[in-house]
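Dumped structure.txt below, it's compact mmCIF, C-alpha atoms:
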```txt
# COMPACT_ATOMS: atom_id res chain seq x y z
CA MET A 1 206.47 107.72 49.46
CA ARG A 2 209.18 106.31 51.71
CA ARG A 3 211.91 107.09 49.20
CA PHE A 4 210.61 110.66 48.90
CA LEU A 5 210.61 111.04 52.68
CA GLY A 6 214.16 109.74 52.90
CA TRP A 7 215.47 112.28 50.39
CA LEU A 8 213.51 115.09 52.00
CA ILE A 9 214.87 114.30 55.45
CA LEU A 10 218.43 113.92 54.13
CA ALA A 11 218.28 117.26 52.29
CA SER A 12 216.79 119.10 55.21
CA SER A 13 219.49 117.85 57.56
CA PHE A 14 221.90 120.41 56.07
CA HIS A 15 219.84 123.29 57.45
CA PRO A 16 220.24 124.50 61.01
CA ARG A 17 217.56 122.93 63.12
CA LEU A 18 215.16 124.57 65.48
CA ALA A 19 214.80 123.53 69.05
CA GLN A 20 211.01 123.60 68.62
CA ALA A 21 209.62 123.87 65.12
CA ALA A 22 205.98 123.94 66.22
CA THR A 23 203.75 123.11 69.17
CA VAL A 24 202.41 119.58 68.80
CA ASP A 25 199.08 118.73 70.43
CA ALA A 26 198.75 114.95 70.06
CA ALA A 27 195.66 113.16 71.36
CA GLY A 28 196.90 109.61 71.71
CA ASP A 29 200.26 107.96 71.42
CA CYS A 30 200.16 106.87 67.77
CA PRO A 31 201.79 109.02 66.63
CA ALA A 32 203.35 110.57 69.69
CA GLY A 33 203.70 114.34 69.88
CA ALA A 34 207.43 114.16 70.78
CA ASP A 35 208.14 111.99 67.73
CA ILE A 36 206.36 114.45 65.41
CA ASP A 37 208.21 117.38 66.94
CA GLY A 38 211.56 115.65 66.41
CA ALA A 39 210.70 114.89 62.76
CA LEU A 40 209.64 118.49 62.20
CA ALA A 41 212.94 119.75 63.59
CA GLN A 42 214.66 117.77 60.84
CA LEU A 43 212.37 119.07 58.08
CA LEU A 44 211.85 122.75 58.83
CA SER A 45 214.66 125.23 58.10
CA THR A 46 215.75 128.30 60.06
CA LYS A 47 213.49 130.55 57.99
CA ALA A 48 210.59 128.80 59.65
CA GLY A 49 211.39 130.40 63.00
CA ARG A 50 208.13 132.28 62.78
CA THR A 51 206.29 128.94 62.64
CA SER A 52 207.39 127.93 66.15
CA SER A 53 204.13 129.38 67.43
CA ALA A 54 202.03 127.19 65.09
CA THR A 55 200.01 124.44 66.72
CA VAL A 56 199.86 120.98 65.18
CA ALA A 57 196.84 118.96 66.29
CA VAL A 58 197.08 115.19 65.79
CA ARG A 59 194.20 112.86 66.67
CA ASP A 60 194.48 109.10 66.95
CA LEU A 61 191.09 107.65 65.96
CA GLY A 62 192.07 104.01 65.93
CA ALA A 63 191.91 102.71 62.38
CA THR A 64 192.20 106.32 61.13
CA TRP A 65 194.04 109.39 62.29
CA SER A 66 194.02 113.09 61.40
CA VAL A 67 196.39 116.05 61.44
CA HIS A 68 195.49 119.76 61.48
CA VAL A 69 197.77 122.81 61.18
CA ALA A 70 197.37 126.43 60.06
CA GLY A 71 193.82 125.89 58.79
CA ARG A 72 194.73 122.79 56.75
CA SER A 73 193.73 119.26 57.75
CA ALA A 74 193.93 115.72 56.46
CA THR A 75 192.58 112.33 57.56
CA TYR A 76 194.36 109.06 56.82
CA SER A 77 193.35 105.40 57.09
CA ASP A 78 195.81 103.14 58.92
CA PRO A 79 194.16 99.95 60.28
CA ASP A 80 197.63 98.52 61.12
CA ARG A 81 198.46 101.51 63.37
CA ASN A 82 201.98 101.96 62.03
CA CYS A 83 203.05 104.75 64.35
CA ALA A 84 206.42 105.37 62.71
CA GLU A 85 204.76 105.78 59.33
CA ARG A 86 202.15 108.07 60.83
CA THR A 87 204.92 110.24 62.32
CA LYS A 88 206.62 110.62 58.95
CA VAL A 89 203.39 111.42 57.11
CA ALA A 90 202.34 113.96 59.73
CA ALA A 91 205.75 115.65 59.68
CA VAL A 92 205.76 115.93 55.89
CA PHE A 93 202.19 117.27 55.84
CA VAL A 94 203.01 119.94 58.44
CA ALA A 95 206.28 120.87 56.71
CA LEU A 96 204.51 121.34 53.38
CA VAL A 97 201.87 123.55 54.99
CA LEU A 98 204.33 125.69 56.98
CA GLU A 99 207.00 125.80 54.29
CA PRO A 100 205.37 125.41 50.86
CA PRO A 101 207.96 124.60 48.20
CA ASP A 102 209.09 127.62 46.16
CA ILE A 103 208.41 126.72 42.54
CA GLY A 104 208.97 130.24 41.21
CA GLU A 105 206.68 132.22 38.98
CA PRO A 106 204.58 130.06 36.70
CA SER A 107 205.64 130.36 33.10
CA PRO A 108 202.99 131.89 30.85
CA ALA A 109 201.00 129.39 28.91
CA PRO A 110 202.03 129.29 25.26
CA ALA A 111 199.69 131.22 23.05
CA MET A 112 197.36 128.99 21.15
CA ARG A 113 197.74 129.21 17.42
CA GLU A 114 194.60 130.00 15.60
CA SER A 115 194.01 128.02 12.48
CA ALA A 116 193.63 130.09 9.34
CA GLY A 117 190.09 131.27 8.84
CA SER A 118 188.90 129.99 12.25
CA THR A 119 188.10 133.42 13.74
CA GLN A 120 184.62 133.43 12.28
CA PRO A 121 182.36 130.58 11.32
CA ARG A 122 182.10 130.08 7.60
CA LEU A 123 178.77 130.01 5.90
CA SER A 124 177.99 126.80 4.06
CA ARG A 125 175.34 128.08 1.62
CA ILE A 126 173.20 131.14 0.96
CA HIS A 127 169.93 131.26 -0.98
CA ARG A 128 168.41 134.61 -1.97
CA LEU A 129 165.70 136.04 -4.17
CA ASP A 130 166.26 139.53 -5.62
CA LEU A 131 163.39 141.78 -6.66
CA ALA A 132 164.09 145.15 -8.27
CA PRO A 133 162.87 147.71 -10.80
CA GLU A 134 165.36 148.33 -13.61
CA PHE A 135 166.27 151.35 -15.68
CA LEU A 136 167.42 150.24 -19.17
CA VAL A 137 169.36 152.10 -21.84
CA ALA A 138 170.31 150.91 -25.34
CA PRO A 139 172.98 153.34 -26.64
CA GLY A 140 172.35 154.64 -30.15
CA ALA A 141 174.45 153.54 -33.12
CA GLY A 142 174.44 154.59 -36.78
CA LYS A 143 171.08 156.12 -37.73
CA ARG A 144 169.36 154.77 -34.60
CA SER A 145 168.90 156.94 -31.53
CA SER A 146 169.32 155.74 -27.94
CA ALA A 147 166.40 153.85 -26.40
CA MET A 148 165.45 154.18 -22.73
CA THR A 149 162.80 152.37 -20.75
CA TRP A 150 161.85 150.82 -17.40
CA GLY A 151 161.39 147.23 -16.45
CA GLY A 152 161.67 144.73 -13.64
CA SER A 153 164.02 141.94 -12.60
CA LEU A 154 163.58 138.72 -10.64
CA ARG A 155 166.79 136.86 -9.75
CA TRP A 156 167.61 133.77 -7.70
CA LEU A 157 171.07 133.28 -6.17
CA ALA A 158 172.74 130.31 -4.49
CA SER A 159 176.19 130.99 -3.11
CA GLY A 160 178.90 129.42 -1.01
CA GLU A 161 181.68 131.30 0.74
CA HIS A 162 182.85 132.98 -2.49
CA LEU A 163 181.46 131.17 -5.55
CA GLY A 164 177.84 130.86 -6.54
CA LEU A 165 175.26 130.62 -9.31
CA THR A 166 172.50 133.04 -10.29
CA ALA A 167 169.52 132.84 -12.66
CA GLY A 168 167.42 135.81 -13.70
CA LEU A 169 164.28 136.81 -15.56
CA GLU A 170 163.87 140.39 -16.84
CA GLY A 171 161.19 142.22 -18.78
CA SER A 172 160.80 145.81 -19.94
CA TYR A 173 158.20 148.18 -21.31
CA PRO A 174 158.65 149.07 -24.99
CA ALA A 175 161.50 151.54 -25.53
CA VAL A 176 161.22 154.04 -28.37
CA ALA A 177 164.19 154.33 -30.74
CA LYS A 178 164.21 156.51 -33.83
CA VAL A 179 165.59 154.91 -36.98
CA GLN A 180 165.45 157.57 -39.65
CA PRO A 181 162.90 158.17 -40.91
CA TYR A 182 160.94 155.75 -38.70
CA GLU A 183 160.30 155.26 -35.02
CA LEU A 184 160.38 151.82 -33.42
CA SER A 185 159.19 150.54 -30.07
CA LEU A 186 161.37 147.74 -28.70
CA ALA A 187 160.02 145.40 -26.02
CA ARG A 188 162.36 142.86 -24.50
CA ILE A 189 162.22 139.75 -22.27
CA SER A 190 165.49 138.02 -21.29
CA ILE A 191 166.59 134.99 -19.29
CA ASP A 192 170.15 134.46 -18.06
CA THR A 193 172.32 132.22 -15.90
CA SER A 194 175.60 133.47 -14.45
CA ALA A 195 178.46 132.34 -12.29
CA SER A 196 179.10 134.70 -9.37
CA LEU A 197 182.12 135.64 -7.32
CA CYS A 198 181.50 137.54 -4.07
CA TRP A 199 183.31 138.96 -1.08
CA ARG A 200 181.49 139.29 2.25
CA TRP A 201 182.16 141.28 5.38
CA SER A 202 180.12 141.59 8.56
CA THR A 203 177.63 144.12 7.10
CA ALA A 204 178.34 144.35 3.36
CA GLU A 205 178.82 142.25 0.23
CA LEU A 206 180.29 142.89 -3.22
CA GLY A 207 179.83 140.57 -6.18
CA ILE A 208 180.59 140.03 -9.87
CA GLU A 209 178.42 137.95 -12.21
CA LEU A 210 179.26 136.63 -15.66
CA GLY A 211 177.29 134.33 -17.95
CA PRO A 212 175.16 133.89 -21.10
CA TYR A 213 171.68 135.23 -21.73
CA GLY A 214 168.86 134.69 -24.22
CA ALA A 215 166.25 137.28 -25.12
CA LEU A 216 163.06 137.77 -27.08
CA LEU A 217 162.91 141.18 -28.80
CA LEU A 218 159.67 142.56 -30.27
CA ALA A 219 160.06 145.49 -32.69
CA GLN A 220 157.04 147.44 -33.82
CA GLY A 221 156.87 150.42 -36.14
CA ARG A 222 155.21 153.55 -34.84
CA GLY A 223 152.83 155.44 -37.07
CA LEU A 224 152.71 152.50 -39.53
CA TYR A 225 150.20 149.74 -40.04
CA ALA A 226 149.02 147.88 -36.98
CA SER A 227 150.66 144.71 -38.28
CA ALA A 228 154.04 146.39 -38.83
CA SER A 229 156.00 144.36 -36.29
CA SER A 230 158.64 141.65 -36.06
CA THR A 231 160.01 139.26 -33.45
CA HIS A 232 163.69 138.44 -32.99
CA MET A 233 165.63 135.95 -30.87
CA ASP A 234 168.75 137.39 -29.31
CA ALA A 235 171.60 135.81 -27.35
CA GLY A 236 174.91 136.96 -25.92
CA GLY A 237 176.87 137.53 -22.74
CA ARG A 238 176.03 139.32 -19.49
CA LEU A 239 178.31 141.07 -16.98
CA GLY A 240 176.97 142.32 -13.67
CA PHE A 241 178.21 144.07 -10.54
CA ARG A 242 176.30 144.31 -7.25
CA ALA A 243 176.70 145.75 -3.78
CA GLN A 244 174.42 145.20 -0.82
CA THR A 245 174.15 145.39 2.91
CA ILE A 246 173.73 142.18 4.91
CA SER A 247 170.85 141.58 7.29
CA ARG A 248 169.01 138.49 8.43
CA TRP A 249 166.02 138.49 6.07
CA VAL A 250 165.74 141.51 3.72
CA SER A 251 168.72 143.51 2.46
CA PRO A 252 168.78 146.49 0.05
CA PHE A 253 171.09 146.19 -2.94
CA LEU A 254 172.31 148.20 -5.92
CA ALA A 255 173.37 146.49 -9.17
CA PHE A 256 174.73 147.39 -12.58
CA GLN A 257 174.65 145.07 -15.59
CA ALA A 258 175.44 145.10 -19.29
CA GLU A 259 174.30 142.63 -21.96
CA LEU A 260 176.14 142.35 -25.27
CA SER A 261 174.48 140.60 -28.21
CA ALA A 262 176.58 137.97 -29.93
CA ARG A 263 175.56 139.18 -33.41
CA ARG A 264 174.16 142.16 -35.22
CA PHE A 265 170.75 141.52 -36.77
CA SER A 266 168.41 143.62 -38.84
CA LEU A 267 165.06 144.91 -37.70
CA MET A 268 162.45 143.81 -40.21
CA VAL A 269 159.15 145.65 -40.04
CA ASP A 270 156.31 144.69 -42.40
CA PRO A 271 155.48 146.02 -44.87
CA ILE A 272 158.50 148.33 -44.88
CA GLY A 273 161.15 145.66 -44.59
CA ASN A 274 164.61 146.38 -43.11
CA VAL A 275 164.54 149.60 -41.14
CA GLY A 276 167.84 149.32 -39.26
CA THR A 277 169.77 147.16 -36.80
CA ALA A 278 168.78 146.12 -33.29
CA PRO A 279 170.77 147.43 -30.32
CA ARG A 280 173.70 145.18 -29.47
CA VAL A 281 174.25 146.60 -25.99
CA TRP A 282 171.70 146.98 -23.19
CA VAL A 283 172.79 148.63 -19.94
CA GLY A 284 170.69 148.35 -16.78
CA VAL A 285 170.75 149.83 -13.29
CA LEU A 286 168.78 148.07 -10.52
CA ALA A 287 167.94 149.06 -6.95
CA GLY A 288 165.82 146.67 -4.94
CA ALA A 289 165.53 144.18 -2.10
CA SER A 290 167.33 140.87 -1.59
CA ILE A 291 165.20 138.36 0.35
CA SER A 292 166.91 135.54 2.23
CA LEU A 293 165.24 132.16 1.63
CA GLY A 294 166.68 130.70 4.83
CA PRO A 295 169.44 131.49 7.33
CA ALA A 296 172.89 130.26 6.29
CA LYS A 297 174.28 127.47 8.45
CA PRO A 298 177.84 127.69 9.83
CA ARG A 299 180.29 125.22 8.35
CA ASP A 300 182.36 123.23 10.82
```
Starting from the file, give its structure as structure tokens.
Amino acid sequence: MRRFLGWLILASSFHPRLAQAATVDAAGDCPAGADIDGALAQLLSTKAGRTSSATVAVRDLGATWSVHVAGRSATYSDPDRNCAERTKVAAVFVALVLEPPDIGEPSPAPAMRESAGSTQPRLSRIHRLDLAPEFLVAPGAGKRSSAMTWGGSLRWLASGEHLGLTAGLEGSYPAVAKVQPYELSLARISIDTSASLCWRWSTAELGIELGPYGALLLAQGRGLYASASSTHMDAGGRLGFRAQTISRWVSPFLAFQAELSARRFSLMVDPIGNVGTAPRVWVGVLAGASISLGPAKPRD
């Protein structure tokens, strides 16, 4: 503090001094008003001429003392009653109030860099249950006509930020396909598991699903004997696309999927025997509701 005062007094001595920098009202003789006025004359520059009307009030309270100027005040403890030190401290305090140091315009704070992907909290995990009716088509091939029917789909999905896993169960009413000169009804139940890749925005989601499936296919001849039926096990690959809106609990969605059988197998109907080949491709369109099984938690 003393070294700072020495440099401040030395630097200020190069400025022209005022005869009276400010009016000093000192109650007591430690510090004395004349001493404070002399110190202020050394500290304040000519541009402080307007401050000559300011009043400096100094109060000696014994072990403590106070100084007040231009609405600013301070109280100091000095049990030793060092009057010279009090004079210096009072002069510096008044000089700083009447002539605040010019530090220029503050430089703008550097812009904080945002870490990649930190603008929005990431979701740790999503669990959903999809319920939807399904319109199914098996395109015709060879002597077999196209088969169309309705069914239903139940699908569970667990997903992270982009990657996830789905499992589904689907069933359909018998579809009628004509295999010259016979007609067949084809009922189908399938189970699948798929890996999913999705992209999410604030109100929408798009996804792709790919994986294997297994199916039970029941073929029954129409207009034949009641026992004219056969059961077949089918397996292959599934590709699905889905789009949905995003809400807290229930969200509508639209999906398209295609299932391709891994092999071509014959439809055997007793007592006729082989009446044709089963469809290798089943195409489905679904429109339903996606039910959230719990709100996703933000990842730190």
Residues within 6 Å of Ala158 of chain A, all atoms listed in the file, excluding chain neighbours under 4 positions, as a ChimeraX atom specification: /A:126-127,164-165
query: With all atoms listed in the file as the atoms that count, which of A:Ala175, A:Ala255, A:Arg125, A:His68 lies nearest to Pro139 of chain A?
result: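 Among the listed residues, the smallest separation from Pro139 of chain A belongs to A:Ala175.
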message: Let me make sure I understand: among A:Leu61, A:Val250, A:Pro101, A:Pro279, which one has the smallest atom-to-atom distance to Val179 of chain A if we use all atoms listed in the file?
response: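 The answer is A:Pro279, which sits nearest to Val179 of chain A.
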field: Option closest in space to Gly168 of chain A, from A:Ala63, A:Ala187, A:Val281, A:Leu131 [counting only C-alpha atoms]
entry: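 When distances to Gly168 of chain A are compared using only C-alpha atoms, the smallest one comes from A:Leu131.
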Spatial neighbours of Ala39 of chain A, max dist 9 Å, all atoms listed in the file, sep filter under 5 positions, as a list in words: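 Neighbouring residues, sequence-local ones excluded: Ile9, Ala34, Leu44, Thr87, Lys88, Ala90, Ala91 and Val92 of chain A.
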query: Closest to Gln244 of chain A among A:Phe265, A:Ser230, A:Ala204, A:Pro212, using only C-alpha atoms?
result: A:Ala204
message: I'd like to know which of A:Ala278, A:Val24, A:Val285, A:Ala95 is closest to Ser145 of chain A, using all atoms listed in the file.
response: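 Comparing A:Ala278, A:Val24, A:Val285, A:Ala95 against Ser145 of chain A, the winner is A:Ala278.
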Would you be able to write out as a PDB file with C-alpha atoms, in the coordinates of the input which residues have an atom within 12 Å of (168.9, 141.1, -21.4) in the file's coordinates, counting all atoms listed in the file?
```
ATOM      1  CA  GLU A 134     165.360 148.330 -13.610  1.00  0.00           C
ATOM      2  CA  LEU A 136     167.420 150.240 -19.170  1.00  0.00           C
ATOM      3  CA  VAL A 137     169.360 152.100 -21.840  1.00  0.00           C
ATOM      4  CA  ALA A 138     170.310 150.910 -25.340  1.00  0.00           C
ATOM      5  CA  GLY A 151     161.390 147.230 -16.450  1.00  0.00           C
ATOM      6  CA  GLY A 152     161.670 144.730 -13.640  1.00  0.00           C
ATOM      7  CA  SER A 153     164.020 141.940 -12.600  1.00  0.00           C
ATOM      8  CA  GLY A 168     167.420 135.810 -13.700  1.00  0.00           C
ATOM      9  CA  LEU A 169     164.280 136.810 -15.560  1.00  0.00           C
ATOM     10  CA  GLU A 170     163.870 140.390 -16.840  1.00  0.00           C
ATOM     11  CA  GLY A 171     161.190 142.220 -18.780  1.00  0.00           C
ATOM     12  CA  SER A 172     160.800 145.810 -19.940  1.00  0.00           C
ATOM     13  CA  ALA A 187     160.020 145.400 -26.020  1.00  0.00           C
ATOM     14  CA  ARG A 188     162.360 142.860 -24.500  1.00  0.00           C
ATOM     15  CA  ILE A 189     162.220 139.750 -22.270  1.00  0.00           C
ATOM     16  CA  SER A 190     165.490 138.020 -21.290  1.00  0.00           C
ATOM     17  CA  ILE A 191     166.590 134.990 -19.290  1.00  0.00           C
ATOM     18  CA  ASP A 192     170.150 134.460 -18.060  1.00  0.00           C
ATOM     19  CA  THR A 193     172.320 132.220 -15.900  1.00  0.00           C
ATOM     20  CA  GLY A 211     177.290 134.330 -17.950  1.00  0.00           C
ATOM     21  CA  PRO A 212     175.160 133.890 -21.100  1.00  0.00           C
ATOM     22  CA  TYR A 213     171.680 135.230 -21.730  1.00  0.00           C
ATOM     23  CA  GLY A 214     168.860 134.690 -24.220  1.00  0.00           C
ATOM     24  CA  ALA A 215     166.250 137.280 -25.120  1.00  0.00           C
ATOM     25  CA  LEU A 216     163.060 137.770 -27.080  1.00  0.00           C
ATOM     26  CA  LEU A 217     162.910 141.180 -28.800  1.00  0.00           C
ATOM     27  CA  MET A 233     165.630 135.950 -30.870  1.00  0.00           C
ATOM     28  CA  ASP A 234     168.750 137.390 -29.310  1.00  0.00           C
ATOM     29  CA  ALA A 235     171.600 135.810 -27.350  1.00  0.00           C
ATOM     30  CA  GLY A 236     174.910 136.960 -25.920  1.00  0.00           C
ATOM     31  CA  GLY A 237     176.870 137.530 -22.740  1.00  0.00           C
ATOM     32  CA  ARG A 238     176.030 139.320 -19.490  1.00  0.00           C
ATOM     33  CA  LEU A 239     178.310 141.070 -16.980  1.00  0.00           C
ATOM     34  CA  GLY A 240     176.970 142.320 -13.670  1.00  0.00           C
ATOM     35  CA  GLN A 257     174.650 145.070 -15.590  1.00  0.00           C
ATOM     36  CA  ALA A 258     175.440 145.100 -19.290  1.00  0.00           C
ATOM     37  CA  GLU A 259     174.300 142.630 -21.960  1.00  0.00           C
ATOM     38  CA  LEU A 260     176.140 142.350 -25.270  1.00  0.00           C
ATOM     39  CA  SER A 261     174.480 140.600 -28.210  1.00  0.00           C
ATOM     40  CA  ALA A 262     176.580 137.970 -29.930  1.00  0.00           C
ATOM     41  CA  PRO A 279     170.770 147.430 -30.320  1.00  0.00           C
ATOM     42  CA  ARG A 280     173.700 145.180 -29.470  1.00  0.00           C
ATOM     43  CA  VAL A 281     174.250 146.600 -25.990  1.00  0.00           C
ATOM     44  CA  TRP A 282     171.700 146.980 -23.190  1.00  0.00           C
ATOM     45  CA  VAL A 283     172.790 148.630 -19.940  1.00  0.00           C
ATOM     46  CA  GLY A 284     170.690 148.350 -16.780  1.00  0.00           C
TER      47      GLY A 284
END
```
task: Identify, on the basis of only C-alpha atoms, every residue whose closest approach to Asp78 of chain A does not exceed 6 Å; exclude the query and any residue fewer than 2 positions from it along the same chain; express the result as number ranges by chain.
output: A: 63-64, 80-81
- prompt: What is the atom CA of Thr166 of chain A-atom CA of Leu218 of chain A distance in Å, reported with one decimal?
  reply: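 If I compute the distance from atom CA of Thr166 of chain A to atom CA of Leu218 of chain A, I get 25.6 Å.
Note that the spacing between atom CA of Leu197 of chain A and atom CA of Phe253 of chain A amounts to 15.9 Å.
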Kindly output segment 70-91 of chain A as a PDB file, keeping the file's coordinate frame, after building N, CA and C atoms.
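Result file is rebuild17.pdb:
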```
ATOM      1  N   ALA A  70     197.495 125.188  60.828  1.00  0.00           N
ATOM      2  CA  ALA A  70     197.370 126.430  60.060  1.00  0.00           C
ATOM      3  C   ALA A  70     196.163 126.417  59.121  1.00  0.00           C
ATOM      4  N   GLY A  71     195.039 125.894  59.575  1.00  0.00           N
ATOM      5  CA  GLY A  71     193.820 125.890  58.790  1.00  0.00           C
ATOM      6  C   GLY A  71     193.731 124.783  57.749  1.00  0.00           C
ATOM      7  N   ARG A  72     194.738 123.914  57.674  1.00  0.00           N
ATOM      8  CA  ARG A  72     194.730 122.790  56.750  1.00  0.00           C
ATOM      9  C   ARG A  72     194.633 121.498  57.525  1.00  0.00           C
ATOM     10  N   SER A  73     193.892 120.524  57.033  1.00  0.00           N
ATOM     11  CA  SER A  73     193.730 119.260  57.750  1.00  0.00           C
ATOM     12  C   SER A  73     193.684 118.112  56.760  1.00  0.00           C
ATOM     13  N   ALA A  74     193.985 116.926  57.277  1.00  0.00           N
ATOM     14  CA  ALA A  74     193.930 115.720  56.460  1.00  0.00           C
ATOM     15  C   ALA A  74     193.626 114.537  57.372  1.00  0.00           C
ATOM     16  N   THR A  75     192.917 113.550  56.826  1.00  0.00           N
ATOM     17  CA  THR A  75     192.580 112.330  57.560  1.00  0.00           C
ATOM     18  C   THR A  75     193.090 111.137  56.777  1.00  0.00           C
ATOM     19  N   TYR A  76     193.742 110.210  57.461  1.00  0.00           N
ATOM     20  CA  TYR A  76     194.360 109.060  56.820  1.00  0.00           C
ATOM     21  C   TYR A  76     193.808 107.767  57.427  1.00  0.00           C
ATOM     22  N   SER A  77     193.769 106.729  56.621  1.00  0.00           N
ATOM     23  CA  SER A  77     193.350 105.400  57.090  1.00  0.00           C
ATOM     24  C   SER A  77     194.593 104.555  57.352  1.00  0.00           C
ATOM     25  N   ASP A  78     194.653 103.972  58.543  1.00  0.00           N
ATOM     26  CA  ASP A  78     195.810 103.140  58.920  1.00  0.00           C
ATOM     27  C   ASP A  78     195.332 102.062  59.898  1.00  0.00           C
ATOM     28  N   PRO A  79     194.657 101.007  59.377  1.00  0.00           N
ATOM     29  CA  PRO A  79     194.160  99.950  60.280  1.00  0.00           C
ATOM     30  C   PRO A  79     195.286  99.254  61.050  1.00  0.00           C
ATOM     31  N   ASP A  80     196.517  99.216  60.474  1.00  0.00           N
ATOM     32  CA  ASP A  80     197.630  98.520  61.120  1.00  0.00           C
ATOM     33  C   ASP A  80     198.287  99.354  62.218  1.00  0.00           C
ATOM     34  N   ARG A  81     197.908 100.608  62.352  1.00  0.00           N
ATOM     35  CA  ARG A  81     198.460 101.510  63.370  1.00  0.00           C
ATOM     36  C   ARG A  81     199.982 101.510  63.353  1.00  0.00           C
ATOM     37  N   ASN A  82     200.534 101.851  62.196  1.00  0.00           N
ATOM     38  CA  ASN A  82     201.980 101.960  62.030  1.00  0.00           C
ATOM     39  C   ASN A  82     202.386 103.347  62.511  1.00  0.00           C
ATOM     40  N   CYS A  83     202.780 103.454  63.734  1.00  0.00           N
ATOM     41  CA  CYS A  83     203.050 104.750  64.350  1.00  0.00           C
ATOM     42  C   CYS A  83     204.223 105.472  63.702  1.00  0.00           C
ATOM     43  N   ALA A  84     205.263 104.734  63.334  1.00  0.00           N
ATOM     44  CA  ALA A  84     206.420 105.370  62.710  1.00  0.00           C
ATOM     45  C   ALA A  84     206.029 105.991  61.364  1.00  0.00           C
ATOM     46  N   GLU A  85     205.207 105.263  60.629  1.00  0.00           N
ATOM     47  CA  GLU A  85     204.760 105.780  59.330  1.00  0.00           C
ATOM     48  C   GLU A  85     203.861 106.995  59.525  1.00  0.00           C
ATOM     49  N   ARG A  86     203.007 106.930  60.565  1.00  0.00           N
ATOM     50  CA  ARG A  86     202.150 108.070  60.830  1.00  0.00           C
ATOM     51  C   ARG A  86     202.980 109.308  61.181  1.00  0.00           C
ATOM     52  N   THR A  87     204.053 109.119  61.936  1.00  0.00           N
ATOM     53  CA  THR A  87     204.920 110.240  62.320  1.00  0.00           C
ATOM     54  C   THR A  87     205.515 110.903  61.084  1.00  0.00           C
ATOM     55  N   LYS A  88     206.004 110.061  60.159  1.00  0.00           N
ATOM     56  CA  LYS A  88     206.620 110.620  58.950  1.00  0.00           C
ATOM     57  C   LYS A  88     205.599 111.376  58.108  1.00  0.00           C
ATOM     58  N   VAL A  89     204.419 110.775  57.933  1.00  0.00           N
ATOM     59  CA  VAL A  89     203.390 111.420  57.110  1.00  0.00           C
ATOM     60  C   VAL A  89     202.952 112.736  57.747  1.00  0.00           C
ATOM     61  N   ALA A  90     202.755 112.730  59.068  1.00  0.00           N
ATOM     62  CA  ALA A  90     202.340 113.960  59.730  1.00  0.00           C
ATOM     63  C   ALA A  90     203.396 115.046  59.616  1.00  0.00           C
ATOM     64  N   ALA A  91     204.668 114.666  59.774  1.00  0.00           N
ATOM     65  CA  ALA A  91     205.750 115.650  59.680  1.00  0.00           C
ATOM     66  C   ALA A  91     205.826 116.257  58.287  1.00  0.00           C
TER      67      ALA A  91
END
```
